[in-house]
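What follows is the content of my_file.cif, which has mmCIF, C-alpha atoms:
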data_work
#
loop_
_atom_site.label_atom_id
_atom_site.label_comp_id
_atom_site.auth_asym_id
_atom_site.auth_seq_id
_atom_site.Cartn_x
_atom_site.Cartn_y
_atom_site.Cartn_z
CA MET A 1341 -38.80 -3.35 50.07
CA ALA A 1342 -35.91 -2.66 52.46
CA ARG A 1343 -35.76 -6.34 53.33
CA THR A 1344 -35.35 -7.35 49.67
CA MET A 1345 -32.83 -4.64 48.75
CA ASN A 1346 -29.38 -3.90 50.15
CA ARG A 1347 -29.09 -7.18 52.00
CA LEU A 1348 -25.31 -7.14 52.12
CA SER A 1349 -23.02 -5.00 54.21
CA ALA A 1350 -19.40 -3.99 53.63
CA VAL A 1351 -18.31 -6.33 56.43
CA ALA A 1352 -20.37 -9.21 55.05
CA VAL A 1353 -18.87 -8.71 51.62
CA ARG A 1354 -15.35 -8.72 53.02
CA THR A 1355 -15.81 -11.79 55.26
CA ALA A 1356 -18.17 -13.88 53.14
CA ALA A 1357 -17.20 -17.48 52.42
CA PRO A 1358 -16.94 -18.69 48.80
CA GLY A 1359 -20.33 -18.77 47.10
CA LYS A 1360 -23.06 -16.55 45.58
CA TYR A 1361 -24.85 -13.84 47.56
CA ALA A 1362 -27.86 -11.75 46.58
CA ASP A 1363 -27.90 -8.08 47.56
CA GLY A 1364 -31.38 -7.61 46.13
CA GLY A 1365 -32.67 -5.94 43.01
CA CYS A 1366 -30.97 -8.59 40.84
CA LEU A 1367 -27.49 -7.62 42.11
CA TRP A 1368 -25.30 -10.59 43.07
CA LEU A 1369 -21.84 -11.17 44.46
CA TYR A 1370 -19.85 -14.23 43.51
CA LYS A 1371 -17.08 -14.89 46.04
CA ARG A 1372 -14.19 -17.14 44.97
CA GLU A 1373 -12.06 -19.55 46.95
CA ASP A 1374 -9.05 -17.20 46.75
CA GLY A 1375 -10.98 -14.41 48.49
CA GLY A 1376 -11.61 -12.41 45.33
CA GLY A 1377 -15.01 -11.86 43.85
CA GLN A 1378 -17.15 -10.50 41.04
CA TRP A 1379 -20.30 -8.38 40.97
CA PHE A 1380 -22.95 -9.26 38.42
CA LEU A 1381 -26.49 -8.26 37.55
CA ARG A 1382 -28.97 -11.03 36.71
CA VAL A 1383 -31.94 -9.75 34.72
CA THR A 1384 -34.51 -10.98 32.20
CA VAL A 1385 -34.78 -9.14 28.88
CA HIS A 1386 -37.40 -10.15 26.30
CA GLY A 1387 -37.87 -13.45 28.11
CA ARG A 1388 -34.14 -14.20 28.05
CA ARG A 1389 -32.00 -14.30 31.20
CA ARG A 1390 -28.86 -12.18 31.01
CA GLU A 1391 -25.95 -11.97 33.45
CA MET A 1392 -23.97 -8.77 33.21
CA GLY A 1393 -20.60 -8.39 34.93
CA LEU A 1394 -20.21 -5.16 36.90
CA GLY A 1395 -16.56 -5.47 37.87
CA SER A 1396 -14.34 -7.22 40.36
CA LEU A 1397 -14.67 -6.95 44.13
CA THR A 1398 -11.20 -5.43 44.21
CA ASP A 1399 -12.10 -2.56 41.89
CA VAL A 1400 -15.79 -1.98 42.63
CA SER A 1401 -17.14 -1.25 46.12
CA LEU A 1402 -20.55 -2.33 47.35
CA LYS A 1403 -21.93 1.20 46.88
CA GLU A 1404 -20.50 1.43 43.34
CA ALA A 1405 -22.00 -1.96 42.48
CA ARG A 1406 -25.43 -0.80 43.72
CA ASP A 1407 -25.19 2.44 41.72
CA ALA A 1408 -24.29 0.47 38.58
CA ALA A 1409 -27.15 -1.93 39.19
CA ASP A 1410 -29.58 1.01 39.45
CA LYS A 1411 -28.32 2.38 36.15
CA TRP A 1412 -28.67 -0.86 34.22
CA ARG A 1413 -32.02 -1.81 35.78
CA ALA A 1414 -33.36 1.44 34.30
CA VAL A 1415 -32.15 0.28 30.88
CA VAL A 1416 -34.00 -3.03 31.37
CA ARG A 1417 -37.18 -1.20 32.34
CA ALA A 1418 -36.89 0.69 29.05
CA GLY A 1419 -36.96 -2.63 27.23
CA ARG A 1420 -33.32 -2.66 26.15
CA ASP A 1421 -30.60 -5.25 26.67
CA PRO A 1422 -28.10 -3.74 29.16
CA ILE A 1423 -25.16 -5.75 27.80
CA LYS A 1424 -25.73 -4.58 24.23
CA GLU A 1425 -26.37 -1.05 25.45
CA ARG A 1426 -23.05 -1.01 27.31
CA GLU A 1427 -21.21 -2.29 24.24
CA LYS A 1428 -22.80 0.48 22.17
CA GLN A 1429 -21.78 3.10 24.71
CA ARG A 1430 -18.23 1.76 24.80
CA ARG A 1431 -17.97 2.01 21.02
CA GLU A 1432 -19.24 5.58 21.09
CA ALA A 1433 -16.91 6.51 23.94
CA SER A 1434 -13.92 4.93 22.25
CA ARG A 1435 -14.39 6.73 18.95
CA ASN A 1436 -12.28 9.62 20.19
CA LEU A 1437 -9.45 7.14 20.73
CA HIS A 1438 -9.54 6.13 17.07
CA LEU A 1439 -7.68 8.96 15.46
CA LEU A 1440 -7.29 8.96 11.69
CA LYS A 1441 -3.56 8.31 11.97
CA ASP A 1442 -4.20 5.12 13.98
CA VAL A 1443 -6.94 3.83 11.69
CA ALA A 1444 -4.86 4.67 8.60
CA THR A 1445 -1.89 2.72 9.93
CA ASP A 1446 -4.11 -0.24 10.79
CA ALA A 1447 -5.71 -0.17 7.34
CA PHE A 1448 -2.28 -0.16 5.70
CA GLU A 1449 -1.05 -3.07 7.83
CA THR A 1450 -4.18 -5.04 6.97
CA ARG A 1451 -3.75 -4.50 3.20
CA LYS A 1452 0.00 -5.15 3.02
CA ALA A 1453 -0.41 -8.74 1.84
CA GLU A 1454 -2.37 -7.48 -1.20
CA LEU A 1455 0.28 -4.95 -2.19
CA LYS A 1456 3.45 -5.43 -4.18
CA GLY A 1457 6.44 -5.59 -1.85
CA ASP A 1458 4.13 -5.15 1.17
CA GLY A 1459 3.25 -1.70 -0.13
CA GLN A 1460 6.75 -0.34 0.35
CA ALA A 1461 7.86 -0.49 -3.28
CA GLY A 1462 4.84 1.39 -4.56
CA ARG A 1463 4.79 3.70 -1.52
CA TRP A 1464 1.07 3.03 -0.97
CA PHE A 1465 1.01 4.92 2.30
CA SER A 1466 3.04 7.95 1.16
CA PRO A 1467 0.17 10.13 -0.18
CA ILE A 1468 -1.68 9.70 3.12
CA GLU A 1469 1.40 10.14 5.28
CA LEU A 1470 2.67 13.22 3.46
CA HIS A 1471 -0.51 15.07 2.52
CA VAL A 1472 -3.38 13.94 4.77
CA LEU A 1473 -2.09 12.97 8.21
CA PRO A 1474 -0.23 16.24 8.90
CA LYS A 1475 -3.62 18.03 8.82
CA LEU A 1476 -6.15 15.36 9.80
CA GLY A 1477 -4.10 12.69 11.56
CA ARG A 1478 -5.04 13.73 15.12
CA ILE A 1479 -8.76 14.10 14.40
CA PRO A 1480 -11.09 11.23 15.38
CA VAL A 1481 -12.00 9.45 12.17
CA ALA A 1482 -15.69 9.65 13.06
CA ASP A 1483 -15.48 13.46 13.04
CA ILE A 1484 -13.97 13.77 9.57
CA ASP A 1485 -16.33 15.09 6.91
CA GLN A 1486 -16.18 16.16 3.28
CA ILE A 1487 -15.16 19.72 4.18
CA ASP A 1488 -12.10 18.46 6.05
CA ILE A 1489 -11.12 16.28 3.10
CA ARG A 1490 -11.73 19.01 0.53
CA ASP A 1491 -9.69 21.59 2.45
CA THR A 1492 -6.84 19.11 2.92
CA LEU A 1493 -6.56 18.04 -0.72
CA LYS A 1494 -7.45 21.33 -2.43
CA PRO A 1495 -3.80 22.52 -2.61
CA LEU A 1496 -2.91 19.34 -4.53
CA TRP A 1497 -6.00 19.07 -6.70
CA ASP A 1498 -4.84 21.34 -9.50
CA THR A 1499 -1.07 20.99 -9.10
CA LYS A 1500 -0.40 17.34 -8.25
CA ALA A 1501 -3.50 15.63 -9.54
CA ASP A 1502 -2.10 12.10 -9.54
CA THR A 1503 -0.94 12.40 -5.93
CA ALA A 1504 -4.30 13.88 -4.93
CA ARG A 1505 -6.13 11.06 -6.72
CA LYS A 1506 -4.09 8.45 -4.86
CA ALA A 1507 -4.63 10.21 -1.54
CA ILE A 1508 -8.40 10.45 -1.90
CA SER A 1509 -8.69 6.87 -3.14
CA ARG A 1510 -6.70 5.52 -0.21
CA LEU A 1511 -8.58 7.73 2.22
CA HIS A 1512 -11.78 6.06 1.01
CA ILE A 1513 -10.25 2.66 1.79
CA ILE A 1514 -9.30 3.91 5.27
CA MET A 1515 -12.83 5.17 5.93
CA LYS A 1516 -14.26 1.79 4.93
CA HIS A 1517 -11.75 0.14 7.25
CA ALA A 1518 -12.94 2.40 10.07
CA ALA A 1519 -16.55 1.37 9.39
CA ALA A 1520 -15.52 -2.29 9.50
CA LEU A 1521 -14.01 -1.62 12.93
CA GLY A 1522 -17.46 -0.50 14.08
CA LEU A 1523 -16.72 3.24 14.08
CA ASP A 1524 -19.48 5.64 13.13
CA VAL A 1525 -17.99 7.23 10.02
CA ASP A 1526 -19.52 8.91 6.99
CA LEU A 1527 -18.71 6.51 4.16
CA GLN A 1528 -19.91 9.09 1.62
CA ALA A 1529 -17.56 11.81 2.88
CA VAL A 1530 -14.90 11.03 0.28
CA ASP A 1531 -17.36 11.05 -2.63
CA LYS A 1532 -18.85 14.31 -1.34
CA ALA A 1533 -15.34 15.78 -1.16
CA ARG A 1534 -14.73 14.77 -4.79
CA ALA A 1535 -17.88 16.61 -5.78
CA LEU A 1536 -16.76 19.71 -3.87
CA LEU A 1537 -13.30 19.62 -5.41
CA GLY A 1538 -14.66 19.44 -8.94
CA LYS A 1539 -12.62 18.64 -12.02
CA SER A 1540 -8.89 19.04 -11.72
CA ARG A 1541 -7.25 21.62 -13.98
CA HIS A 1542 -3.98 19.73 -13.89
CA ARG A 1543 -2.71 18.50 -17.24
CA PRO A 1544 -0.31 15.56 -16.92
CA GLN A 1545 3.01 15.86 -18.69
CA ASN A 1546 4.97 13.01 -20.17
CA ILE A 1547 8.43 12.33 -18.81
CA PRO A 1548 10.86 14.03 -21.21
CA ALA A 1549 12.47 11.48 -23.52
CA MET A 1550 15.58 11.69 -25.65
CA ASP A 1551 15.22 11.44 -29.40
CA TRP A 1552 16.40 7.95 -30.33
CA ARG A 1553 18.87 9.47 -32.78
CA ASP A 1554 20.63 11.26 -29.89
CA VAL A 1555 20.91 8.20 -27.64
CA PRO A 1556 24.28 6.99 -29.06
CA GLU A 1557 26.05 10.21 -28.08
CA PHE A 1558 24.69 10.06 -24.53
CA TYR A 1559 25.46 6.34 -24.23
CA ALA A 1560 29.07 6.97 -25.28
CA SER A 1561 29.42 9.56 -22.51
CA LEU A 1562 28.67 6.91 -19.85
CA SER A 1563 32.20 5.61 -19.91
CA ASP A 1564 33.72 5.74 -16.42
CA GLY A 1565 32.72 2.20 -15.39
CA SER A 1566 30.90 3.36 -12.25
CA ALA A 1567 27.71 1.69 -11.04
CA THR A 1568 25.69 4.73 -12.15
CA HIS A 1569 27.13 4.75 -15.68
CA LEU A 1570 26.79 0.99 -16.08
CA ALA A 1571 23.24 0.99 -14.75
CA LEU A 1572 22.20 3.70 -17.18
CA ARG A 1573 23.82 1.80 -20.03
CA LEU A 1574 21.95 -1.39 -19.19
CA LEU A 1575 18.74 0.60 -18.71
CA ILE A 1576 19.10 2.00 -22.23
CA LEU A 1577 20.04 -1.36 -23.78
CA THR A 1578 17.13 -3.29 -22.25
CA GLY A 1579 14.31 -0.74 -22.10
CA VAL A 1580 13.23 -1.95 -18.66
CA ARG A 1581 11.93 0.26 -15.87
CA SER A 1582 14.26 1.62 -13.23
CA ARG A 1583 13.18 -0.56 -10.32
CA PRO A 1584 13.86 -4.04 -11.74
CA LEU A 1585 17.09 -2.65 -13.23
CA ARG A 1586 18.31 -1.32 -9.89
CA LEU A 1587 17.36 -4.57 -8.14
CA ILE A 1588 18.91 -6.87 -10.74
CA ARG A 1589 20.73 -9.82 -9.18
CA GLU A 1590 23.48 -11.98 -10.61
CA ASP A 1591 21.38 -15.13 -10.20
CA GLN A 1592 18.60 -13.65 -12.38
CA ILE A 1593 20.79 -13.95 -15.48
CA GLU A 1594 21.24 -17.27 -17.26
CA GLY A 1595 22.87 -17.32 -20.67
CA TYR A 1596 21.55 -14.34 -22.60
CA VAL A 1597 18.25 -14.17 -20.65
CA TRP A 1598 17.57 -11.97 -17.65
CA THR A 1599 14.47 -13.15 -15.77
CA ILE A 1600 12.71 -10.43 -13.80
CA PRO A 1601 10.49 -11.72 -10.98
CA ALA A 1602 6.80 -10.99 -11.59
CA GLY A 1603 6.56 -8.93 -8.43
CA LEU A 1604 9.00 -6.36 -9.82
CA MET A 1605 7.01 -5.73 -12.98
CA LYS A 1606 4.68 -2.71 -12.83
CA GLY A 1607 1.04 -3.65 -13.22
CA ARG A 1608 1.75 -7.32 -12.59
CA ASN A 1609 0.98 -7.43 -8.89
CA GLY A 1610 -0.24 -10.90 -8.05
CA ALA A 1611 0.99 -12.33 -11.34
CA THR A 1612 2.64 -15.73 -11.25
CA SER A 1613 4.74 -15.40 -14.41
CA ASN A 1614 8.14 -13.75 -14.57
CA PHE A 1615 9.30 -11.56 -17.46
CA ARG A 1616 12.22 -12.62 -19.65
CA VAL A 1617 14.50 -9.95 -21.07
CA PRO A 1618 16.85 -10.98 -23.92
CA LEU A 1619 20.33 -9.49 -23.50
CA SER A 1620 22.40 -8.48 -26.50
CA PRO A 1621 26.17 -9.15 -26.50
CA THR A 1622 26.64 -5.46 -25.67
CA ALA A 1623 24.29 -5.77 -22.68
CA LEU A 1624 26.09 -8.93 -21.51
CA ASP A 1625 29.37 -7.01 -21.63
CA VAL A 1626 27.85 -4.34 -19.34
CA VAL A 1627 26.69 -7.11 -17.00
CA ALA A 1628 30.21 -8.57 -16.94
CA GLN A 1629 31.63 -5.18 -15.95
CA ALA A 1630 28.95 -4.74 -13.28
CA ARG A 1631 29.73 -8.12 -11.72
CA ARG A 1632 33.03 -6.67 -10.52
CA LEU A 1633 31.05 -4.13 -8.46
CA ALA A 1634 28.41 -6.56 -7.19
CA ARG A 1635 27.63 -6.77 -3.48
CA ASP A 1636 25.31 -9.25 -1.76
CA GLY A 1637 24.32 -10.54 -5.19
CA PHE A 1638 23.14 -7.15 -6.49
CA LEU A 1639 24.86 -5.86 -9.64
CA PHE A 1640 24.34 -2.18 -8.84
CA PRO A 1641 24.94 -1.59 -5.12
CA ASN A 1642 24.83 1.85 -3.57
CA VAL A 1643 28.06 3.29 -2.20
CA ARG A 1644 27.06 2.76 1.45
CA GLN A 1645 24.27 0.20 1.57
CA GLY A 1646 21.37 -1.14 -0.44
CA VAL A 1647 21.15 -0.66 -4.19
CA LEU A 1648 21.54 2.29 -6.51
CA SER A 1649 18.64 4.74 -6.17
CA ASP A 1650 16.53 6.03 -9.02
CA ALA A 1651 17.42 9.56 -7.94
CA THR A 1652 21.12 8.86 -8.48
CA MET A 1653 20.61 8.18 -12.18
CA SER A 1654 18.22 11.12 -12.58
CA ARG A 1655 20.63 13.51 -10.90
CA LEU A 1656 23.40 12.56 -13.30
CA MET A 1657 21.23 13.77 -16.17
CA GLU A 1658 20.06 16.78 -14.18
CA ARG A 1659 23.64 17.85 -13.41
CA ARG A 1660 24.34 17.82 -17.12
CA GLY A 1661 21.51 20.28 -17.66
CA MET A 1662 19.32 17.69 -19.39
CA ALA A 1663 15.52 17.79 -19.27
CA GLU A 1664 15.30 14.07 -20.06
CA ARG A 1665 15.12 11.45 -17.33
CA PRO A 1666 16.02 7.72 -17.22
CA HIS A 1667 12.43 6.51 -17.65
CA GLY A 1668 12.27 8.40 -20.95
CA PHE A 1669 14.62 5.91 -22.62
CA ARG A 1670 11.68 3.49 -22.79
CA SER A 1671 9.97 6.02 -25.03
CA SER A 1672 13.17 6.43 -27.07
CA LEU A 1673 13.27 2.67 -27.63
CA ARG A 1674 9.56 2.43 -28.47
CA THR A 1675 9.82 5.26 -31.00
CA TRP A 1676 12.87 3.63 -32.59
CA LEU A 1677 10.92 0.37 -32.89
CA ALA A 1678 8.13 2.21 -34.69
CA GLU A 1679 10.31 4.34 -36.96
CA ALA A 1680 13.37 2.21 -37.69
CA THR A 1681 11.97 -1.35 -37.70
CA ASP A 1682 8.88 -3.10 -38.94
CA ALA A 1683 8.42 -5.00 -35.68
CA PRO A 1684 4.80 -6.14 -35.24
CA HIS A 1685 2.87 -4.17 -32.64
CA ASP A 1686 2.59 -7.10 -30.22
CA VAL A 1687 6.33 -7.75 -30.34
CA ALA A 1688 7.21 -4.08 -29.89
CA GLU A 1689 4.88 -3.78 -26.90
CA THR A 1690 6.28 -6.93 -25.34
CA VAL A 1691 9.79 -5.46 -25.61
CA LEU A 1692 8.67 -2.90 -23.02
CA GLY A 1693 6.96 -5.51 -20.87
CA HIS A 1694 3.46 -4.27 -21.73
CA ALA A 1695 0.58 -6.71 -21.56
CA VAL A 1696 -0.84 -7.25 -25.04
CA GLY A 1697 -4.45 -8.11 -25.82
CA SER A 1698 -7.28 -9.09 -23.51
CA LYS A 1699 -7.00 -11.68 -20.76
CA VAL A 1700 -8.65 -14.22 -23.02
CA GLN A 1701 -6.25 -13.47 -25.87
CA ARG A 1702 -3.25 -13.74 -23.55
CA ALA A 1703 -4.56 -17.04 -22.21
CA TYR A 1704 -4.33 -18.54 -25.70
CA GLN A 1705 -1.30 -16.64 -27.01
CA ARG A 1706 1.34 -17.61 -24.47
CA THR A 1707 4.48 -16.66 -26.37
CA ASP A 1708 6.68 -13.84 -25.14
CA PHE A 1709 8.38 -13.45 -28.56
CA LEU A 1710 11.76 -14.01 -26.93
CA GLU A 1711 13.73 -14.80 -30.09
CA GLN A 1712 12.20 -11.96 -32.08
CA ARG A 1713 12.88 -9.56 -29.23
CA HIS A 1714 16.46 -10.84 -29.02
CA LEU A 1715 17.03 -9.81 -32.64
CA LEU A 1716 15.51 -6.41 -31.98
CA MET A 1717 17.64 -5.80 -28.88
CA GLN A 1718 20.81 -6.72 -30.77
CA ARG A 1719 19.82 -4.22 -33.45
CA TRP A 1720 19.03 -1.58 -30.80
CA ALA A 1721 22.44 -2.19 -29.21
CA ASP A 1722 24.09 -1.65 -32.61
CA HIS A 1723 22.31 1.66 -32.94
CA VAL A 1724 23.09 2.74 -29.38
CA THR A 1725 26.79 1.97 -29.80
CA GLY A 1726 26.96 3.86 -33.10
CA LYS A 1727 26.88 0.92 -35.51
CA MET A 1728 24.35 2.25 -37.98
CA GLY A 1729 22.61 -0.19 -40.28
CA GLN A 1730 19.62 -0.82 -42.49
CA LEU A 1731 15.99 -1.09 -41.55
CA LEU A 1732 15.43 -4.26 -39.52
CA LYS A 1733 12.60 -6.42 -40.77
CA LEU A 1734 10.91 -9.15 -38.77
CA ALA A 1735 8.57 -11.86 -39.92
CA SER A 1736 5.07 -10.99 -38.74
CA GLY A 1737 4.07 -14.61 -38.32
#

Encoded form (structure tokens):
Amino acid sequence: MARTMNRLSAVAVRTAAPGKYADGGCLWLYKREDGGGQWFLRVTVHGRRREMGLGSLTDVSLKEARDAADKWRAVVRAGRDPIKEREKQRREASRNLHLLKDVATDAFETRKAELKGDGQAGRWFSPIELHVLPKLGRIPVADIDQIDIRDTLKPLWDTKADTARKAISRLHIIMKHAAALGLDVDLQAVDKARALLGKSRHRPQNIPAMDWRDVPEFYASLSDGSATHLALRLLILTGVRSRPLRLIREDQIEGYVWTIPAGLMKGRNGATSNFRVPLSPTALDVVAQARRLARDGFLFPNVRQGVLSDATMSRLMERRGMAERPHGFRSSLRTWLAEATDAPHDVAETVLGHAVGSKVQRAYQRTDFLEQRHLLMQRWADHVTGKMGQLLKLASG
């Protein structure tokens, strides 16, 4: 046995010419022309020959190579493939290197292409970053269970239900991403946590909205010609959401039509069609005033850089002691449409950019009611600017 094992010596290894040398027991040394070399184990598993690298001659000594060979020959005797066994052990050993914060970041980067504005506009990562990672971020994802998730989200469950819902939903995506990476995670942990958390006691509240009859007085108070006042005026006159309004560009307006890119419309992620907003003469006058403040093509730039923030408009109303917020003017407009006009339901909903009907219905009904909406927005502008009039009637056909 001694003659078939341990054939090489340290001197022989160091001085060997290029070629392959057997040490015995399936351990081989491959010596290269440049003087370097590689240890490998040649074994047969289930009738299939396998060659397993054991490291370079520079990093692994003869004794270390023999010890490694002993270890992996034992695995072969047990009927297992040593290469697959080593890969399994590496995955298990590396799980402690895959902290939740790292996996979460990788999951977010992977999904960016599916998200509107690469996930930045909708702040996809925020619920995880703000409410999960501070407590669980440095824990290996494979160690996270339903108790960890429940204890982390419990403070939000009854107070900020929507945020908690987003956090738990995105955590489920992250856990599935970890599983796809080959990590040993409990894919049911999130569902178990939901069961432990139970039903949320939180009752959502609508954003306070101004009665449409009070809008003219507020509109008149926005008179200093600043970006904030002009932005709020255009927000009221068009009924759009804050984000497309704040990001409005000069080149999006042609004639009396403002075309909002599909990617800026809530709920239209992945859509290929833009949304046209008809501008009344009053709205066009606001646009003309805003053009004097434009910077880098944006009508409502911030004082320092970027564009006007949503918080800036909200704080103006907050400083005045108002409970209402900018988004509430959409409700003011929708209520006015219902109470002061006979606009058909589909037209009124389209004014706010809402999708109407099923996908099949929308596939056949491709109108956006632009001309009818233009009439309505002119009438709304008359109301907002204090020009009272009679009930506006639209043809339902």

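With only C-alpha atoms as the atoms that count, the minimum distance from Arg1451 in chain A to the choices A:Ile1487, A:Ala1688, A:Ile1513, A:Ala1663 is reached by A:Ile1513.
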
(request) Take the PyMOL selection byres ((chain A and resi 1724) around 12), apply it to the structure above, and return the hits as an MDAnalysis selection string. (result) chainID A and resid 1551:1562 1573:1579 1620 1622:1623 1669 1672:1673 1676 1717:1723 1725:1729

(message) Rounded to one decimal, what separation in Å do you get between CA of Thr1652 in chain A and CA of Ile1593 in chain A?
(response) 23.9 Å

(message) Here is a test: counting all atoms listed in the file, which residue of A:Leu1473, A:Leu1572, A:Ala1418, A:Ala1519 is nearest to Leu1656 in chain A?
(response) A:Leu1572

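In this structure, CA of Lys1428 in chain A sits 21.4 Å away from CA of Gly1387 in chain A.
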
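For the residues A:Leu1367, A:Val1627, A:Ala1533, A:Leu1440, ranking by smallest atom-to-atom distance to Asp1410 in chain A using only C-alpha atoms places A:Leu1367 first.
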
Considering only C-alpha atoms, give me a table of residues in range 1424-1498 of chain A that are at most 9 Å from range 1507-1512 of chain A, with the closest atom pair and distance in Å for each, as JSON lines.
{"residue": "A:Ala1444", "atom": "CA", "partner": "A:Leu1511", "partner_atom": "CA", "distance": 8.0}
{"residue": "A:Trp1464", "atom": "CA", "partner": "A:Arg1510", "partner_atom": "CA", "distance": 8.2}
{"residue": "A:Phe1465", "atom": "CA", "partner": "A:Arg1510", "partner_atom": "CA", "distance": 8.1}
{"residue": "A:Ser1466", "atom": "CA", "partner": "A:Ala1507", "partner_atom": "CA", "distance": 8.4}
{"residue": "A:Pro1467", "atom": "CA", "partner": "A:Ala1507", "partner_atom": "CA", "distance": 5.0}
{"residue": "A:Ile1468", "atom": "CA", "partner": "A:Ala1507", "partner_atom": "CA", "distance": 5.5}
{"residue": "A:His1471", "atom": "CA", "partner": "A:Ala1507", "partner_atom": "CA", "distance": 7.6}
{"residue": "A:Val1472", "atom": "CA", "partner": "A:Ala1507", "partner_atom": "CA", "distance": 7.4}
{"residue": "A:Ile1489", "atom": "CA", "partner": "A:Ile1508", "partner_atom": "CA", "distance": 8.1}
{"residue": "A:Leu1493", "atom": "CA", "partner": "A:Ile1508", "partner_atom": "CA", "distance": 7.9}
